[in-house]
2 protein chains.
Amino acid sequence: MGADNQQERLDSWIAGFVDGEGCFHVAINRQPKMTLGWQVLPEFRVVQHKKDTQTLRMIQKRVGCGIITVNHDDRNELRVRGINNLMKIVGFFRINKLKTSKLNNFKKFATVIKMMKEGKHLKRTGLKEIAEIAATMNKKIKSKYLESSETIR
Amino acid sequence: MGADNQQERLDSWIAGFVDGEGCFHVAINRQPKMTLGWQVLPEFRVVQHKKDTQTLRMIQKRVGCGIITVNHDDRNELRVRGINNLMKIVGFFRINKLKTSKLNNFKKFATVIKMMKEGKHLKRTGLKEIAEIAATMNKKIKSKYLESSETIR
């Protein structure tokens, strides 16, 4: 098996693993220091039992970003934050396609990263648009931003 | 991308997905109709929310065996039973290698399938050996067989 082929197979394995275990998430948190009073915090995360930390390291090495830290109890996570790092993540999964319904979440995530790269989260209209996208990504978590009096009034 | 390459990438994706979501399990159940009074029931399983049943169908089609059935509530599972089907599964994951600690479980599972193919589960010594392997695969579940009075006495 050639080196290119081996790399492709690893990349496809990572896509499969992330389809099962990965999470694309956009939080919008109250942050008085920010101009609009809210911070958009997108994050890519893979959580594993600490016995599989080596797997997280392998993914970290391949995608070229992220830190490995404690999630909770006996679980560690690979966590990627920061627009430039997350652009690498988006680039990776544009080539190595997800196959479950997580693909929809990823597409929304990619849209948010693009908007942030363009600085749209720093304006009220862009922030609201991002909050609306984020609210459809993980329906279990209500958006603190969209529910806040600032948005409602 | 050639057809071979596409197939390889799908296979690697499946290995990654199963590393996250798959389960190799060997149950040993009381079954008075069997000669030794116990039945060895190995099973490969992938559980997904029903919205991702299409993903289960894709894996089913590729591995060429298994049925898709309700797991519980809003979850479906791809379930493979039967020695000949499980030999296909073992063959698949020998080529398309798992990368997490689930690989250890898979290796034990493959050993059990080989022993069953050779009929070793039909003799008391083989059954005990299989029960001992199974007991190390999922430590949360105590072996009913190993704890039974038949084995202890």
# chains A, B, ... in the order shown; residues from 1 in each chain; ligands from 1

call {"tool": "interface_residues", "arguments": {"of": "chain B", "to": "chain A", "cutoff": "12 Å", "atoms": "only C-alpha atoms", "output": "PyMOL selection string"}}
result
chain B and resi 1+4-22+46-59+95-104

call {"tool": "residues_around", "arguments": {"residues": "Glu129 in chain B", "least_positions_apart": "6", "cutoff": "12 Å", "atoms": "only C-alpha atoms", "output": "JSON list (two decimals) with C-alpha atoms, in the first residue's frame"}}
result
[["chain", "number", "residue", "atom", "x", "y", "z"],
["B", 28, "ILE", "CA", -23.53, -17.36, 27.05],
["B", 40, "VAL", "CA", -22.92, -19.40, 23.04],
["B", 108, "LYS", "CA", -11.07, -12.00, 21.35],
["B", 111, "THR", "CA", -10.88, -16.19, 18.52],
["B", 112, "VAL", "CA", -14.33, -17.22, 19.76],
["B", 115, "MET", "CA", -13.36, -21.88, 18.08],
["B", 116, "MET", "CA", -17.07, -22.12, 17.30],
["B", 120, "LYS", "CA", -15.22, -26.35, 20.36],
["B", 121, "HIS", "CA", -18.20, -24.72, 22.09],
["B", 122, "LEU", "CA", -19.96, -28.10, 22.00],
["B", 123, "LYS", "CA", -17.49, -29.61, 24.46],
["B", 135, "ALA", "CA", -15.77, -12.59, 30.61],
["B", 136, "THR", "CA", -12.78, -10.37, 29.74],
["B", 145, "TYR", "CA", -22.14, -19.46, 32.91],
["B", 146, "LEU", "CA", -18.96, -19.01, 34.95],
["B", 151, "THR", "CA", -19.06, -24.60, 36.58]]

call {"tool": "select_by_dssp", "arguments": {"residues": "range 59-143 of chain A", "states": "alpha helix (DSSP H)", "output": "short mmCIF file (atom, residue, chain, number, x, y, z; two decimals) with C-alpha atoms, in the first residue's frame"}}
result
data_model
loop_
_atom_site.label_atom_id
_atom_site.label_comp_id
_atom_site.auth_asym_id
_atom_site.auth_seq_id
_atom_site.Cartn_x
_atom_site.Cartn_y
_atom_site.Cartn_z
CA ILE A 59 -6.33 12.51 15.15
CA GLN A 60 -4.70 15.64 16.64
CA LYS A 61 -1.49 14.89 14.75
CA ARG A 62 -3.33 14.37 11.46
CA VAL A 63 -5.54 17.48 11.62
CA ILE A 83 -11.10 30.27 13.75
CA ASN A 84 -7.85 29.39 11.98
CA ASN A 85 -7.70 25.94 13.57
CA LEU A 86 -11.38 25.35 12.86
CA MET A 87 -10.84 26.29 9.22
CA LYS A 88 -8.40 23.35 9.08
CA ILE A 89 -11.10 21.11 10.56
CA VAL A 90 -13.67 22.35 8.05
CA GLY A 91 -11.17 21.79 5.21
CA PHE A 92 -10.49 18.25 6.41
CA PHE A 93 -14.15 17.22 6.52
CA ARG A 94 -14.92 18.87 3.19
CA ILE A 95 -12.52 16.36 1.63
CA LYS A 102 -23.93 14.68 11.51
CA LEU A 103 -23.08 15.97 8.05
CA ASN A 104 -25.92 18.51 8.42
CA ASN A 105 -24.45 19.79 11.66
CA PHE A 106 -21.05 20.00 10.04
CA LYS A 107 -22.41 22.08 7.14
CA LYS A 108 -24.00 24.55 9.57
CA PHE A 109 -20.77 24.64 11.56
CA ALA A 110 -18.80 25.37 8.37
CA THR A 111 -21.20 28.24 7.55
CA VAL A 112 -20.66 29.75 11.01
CA ILE A 113 -16.86 29.48 10.69
CA LYS A 114 -16.99 31.21 7.30
CA MET A 115 -19.18 34.00 8.71
CA MET A 116 -16.80 34.47 11.64
CA LYS A 117 -13.78 34.56 9.33
CA ARG A 124 -25.73 42.50 15.51
CA THR A 125 -27.37 41.10 12.36
CA GLY A 126 -24.58 38.56 11.83
CA LEU A 127 -24.63 37.52 15.49
CA LYS A 128 -28.37 36.92 15.35
CA GLU A 129 -28.00 34.89 12.15
CA ILE A 130 -25.28 32.76 13.77
CA ALA A 131 -27.41 32.28 16.89
CA GLU A 132 -30.28 31.07 14.72
CA ILE A 133 -28.07 28.57 12.92
CA ALA A 134 -26.57 27.41 16.23
CA ALA A 135 -30.05 26.89 17.69
CA THR A 136 -30.83 24.31 14.98
CA MET A 137 -27.57 22.40 15.56
#

call {"tool": "closest_residue", "arguments": {"among": "A:Leu41, A:Ala27, A:Val70, A:Leu36", "to": "Gly82 in chain A", "atoms": "only C-alpha atoms"}}
result
A:Leu41

call {"tool": "select_by_dssp", "arguments": {"residues": "range 33-119 of chain A", "states": "strand (DSSP E)", "output": "PyMOL selection string"}}
result
chain A and resi 38-49+67-72+75-80

call {"tool": "write_last_selection", "arguments": {"atoms": "N, CA and C atoms", "output": "compact mmCIF listing (two decimals), in the first residue's frame"}}
result
# COMPACT_ATOMS: atom_id res chain seq x y z
N TRP A 38 -21.74 39.52 23.75
CA TRP A 38 -21.84 38.07 23.59
C TRP A 38 -20.63 37.56 22.81
N GLN A 39 -20.18 36.37 23.17
CA GLN A 39 -19.07 35.75 22.46
C GLN A 39 -19.55 34.49 21.73
N VAL A 40 -19.22 34.40 20.47
CA VAL A 40 -19.52 33.17 19.73
C VAL A 40 -18.33 32.23 19.90
N LEU A 41 -18.60 31.02 20.37
CA LEU A 41 -17.51 30.08 20.65
C LEU A 41 -17.75 28.74 19.94
N PRO A 42 -17.26 28.62 18.71
CA PRO A 42 -17.40 27.35 18.00
C PRO A 42 -16.31 26.39 18.45
N GLU A 43 -16.64 25.12 18.42
CA GLU A 43 -15.71 24.13 18.97
C GLU A 43 -15.94 22.78 18.28
N PHE A 44 -14.84 22.11 17.98
CA PHE A 44 -14.91 20.73 17.50
C PHE A 44 -14.33 19.86 18.60
N ARG A 45 -14.99 18.74 18.88
CA ARG A 45 -14.62 17.94 20.05
C ARG A 45 -14.79 16.45 19.75
N VAL A 46 -13.83 15.67 20.21
CA VAL A 46 -13.97 14.21 20.19
C VAL A 46 -13.65 13.73 21.60
N VAL A 47 -14.59 13.05 22.23
CA VAL A 47 -14.42 12.57 23.60
C VAL A 47 -14.18 11.07 23.59
N GLN A 48 -13.22 10.62 24.38
CA GLN A 48 -12.95 9.18 24.51
C GLN A 48 -12.57 8.83 25.95
N HIS A 49 -12.81 7.59 26.30
CA HIS A 49 -12.28 7.08 27.57
C HIS A 49 -10.76 7.26 27.56
N ILE A 67 -6.14 20.67 21.35
CA ILE A 67 -5.46 20.24 22.57
C ILE A 67 -6.21 19.04 23.14
N ILE A 68 -5.47 18.23 23.89
CA ILE A 68 -6.10 17.09 24.55
C ILE A 68 -6.19 17.41 26.04
N THR A 69 -7.39 17.32 26.57
CA THR A 69 -7.61 17.74 27.95
C THR A 69 -8.65 16.84 28.59
N VAL A 70 -8.84 17.00 29.89
CA VAL A 70 -9.83 16.17 30.59
C VAL A 70 -11.23 16.64 30.23
N ASN A 71 -12.11 15.69 29.91
CA ASN A 71 -13.51 16.01 29.66
C ASN A 71 -14.23 15.93 31.00
N HIS A 72 -14.47 14.74 31.50
CA HIS A 72 -14.89 14.57 32.89
C HIS A 72 -14.62 13.13 33.32
N ARG A 75 -12.73 10.43 31.21
CA ARG A 75 -12.81 10.73 29.78
C ARG A 75 -11.92 11.92 29.42
N ASN A 76 -11.22 11.78 28.33
CA ASN A 76 -10.44 12.89 27.78
C ASN A 76 -11.09 13.37 26.49
N GLU A 77 -10.72 14.58 26.08
CA GLU A 77 -11.24 15.08 24.81
C GLU A 77 -10.15 15.75 24.00
N LEU A 78 -10.29 15.61 22.68
CA LEU A 78 -9.53 16.45 21.75
C LEU A 78 -10.45 17.63 21.46
N ARG A 79 -9.94 18.83 21.70
CA ARG A 79 -10.78 20.02 21.55
C ARG A 79 -10.09 21.02 20.64
N VAL A 80 -10.79 21.46 19.62
CA VAL A 80 -10.23 22.46 18.70
C VAL A 80 -11.08 23.73 18.79

call {"tool": "atom_distance", "arguments": {"atom1": "CA of His25 in chain A", "atom2": "CA of Glu118 in chain A"}}
result
19.0 Å

call {"tool": "atom_distance", "arguments": {"atom1": "CA of Cys23 in chain B", "atom2": "CA of Gly66 in chain B"}}
result
13.5 Å

call {"tool": "atom_distance", "arguments": {"atom1": "CA of Arg81 in chain A", "atom2": "CA of Cys65 in chain A"}}
result
8.8 Å
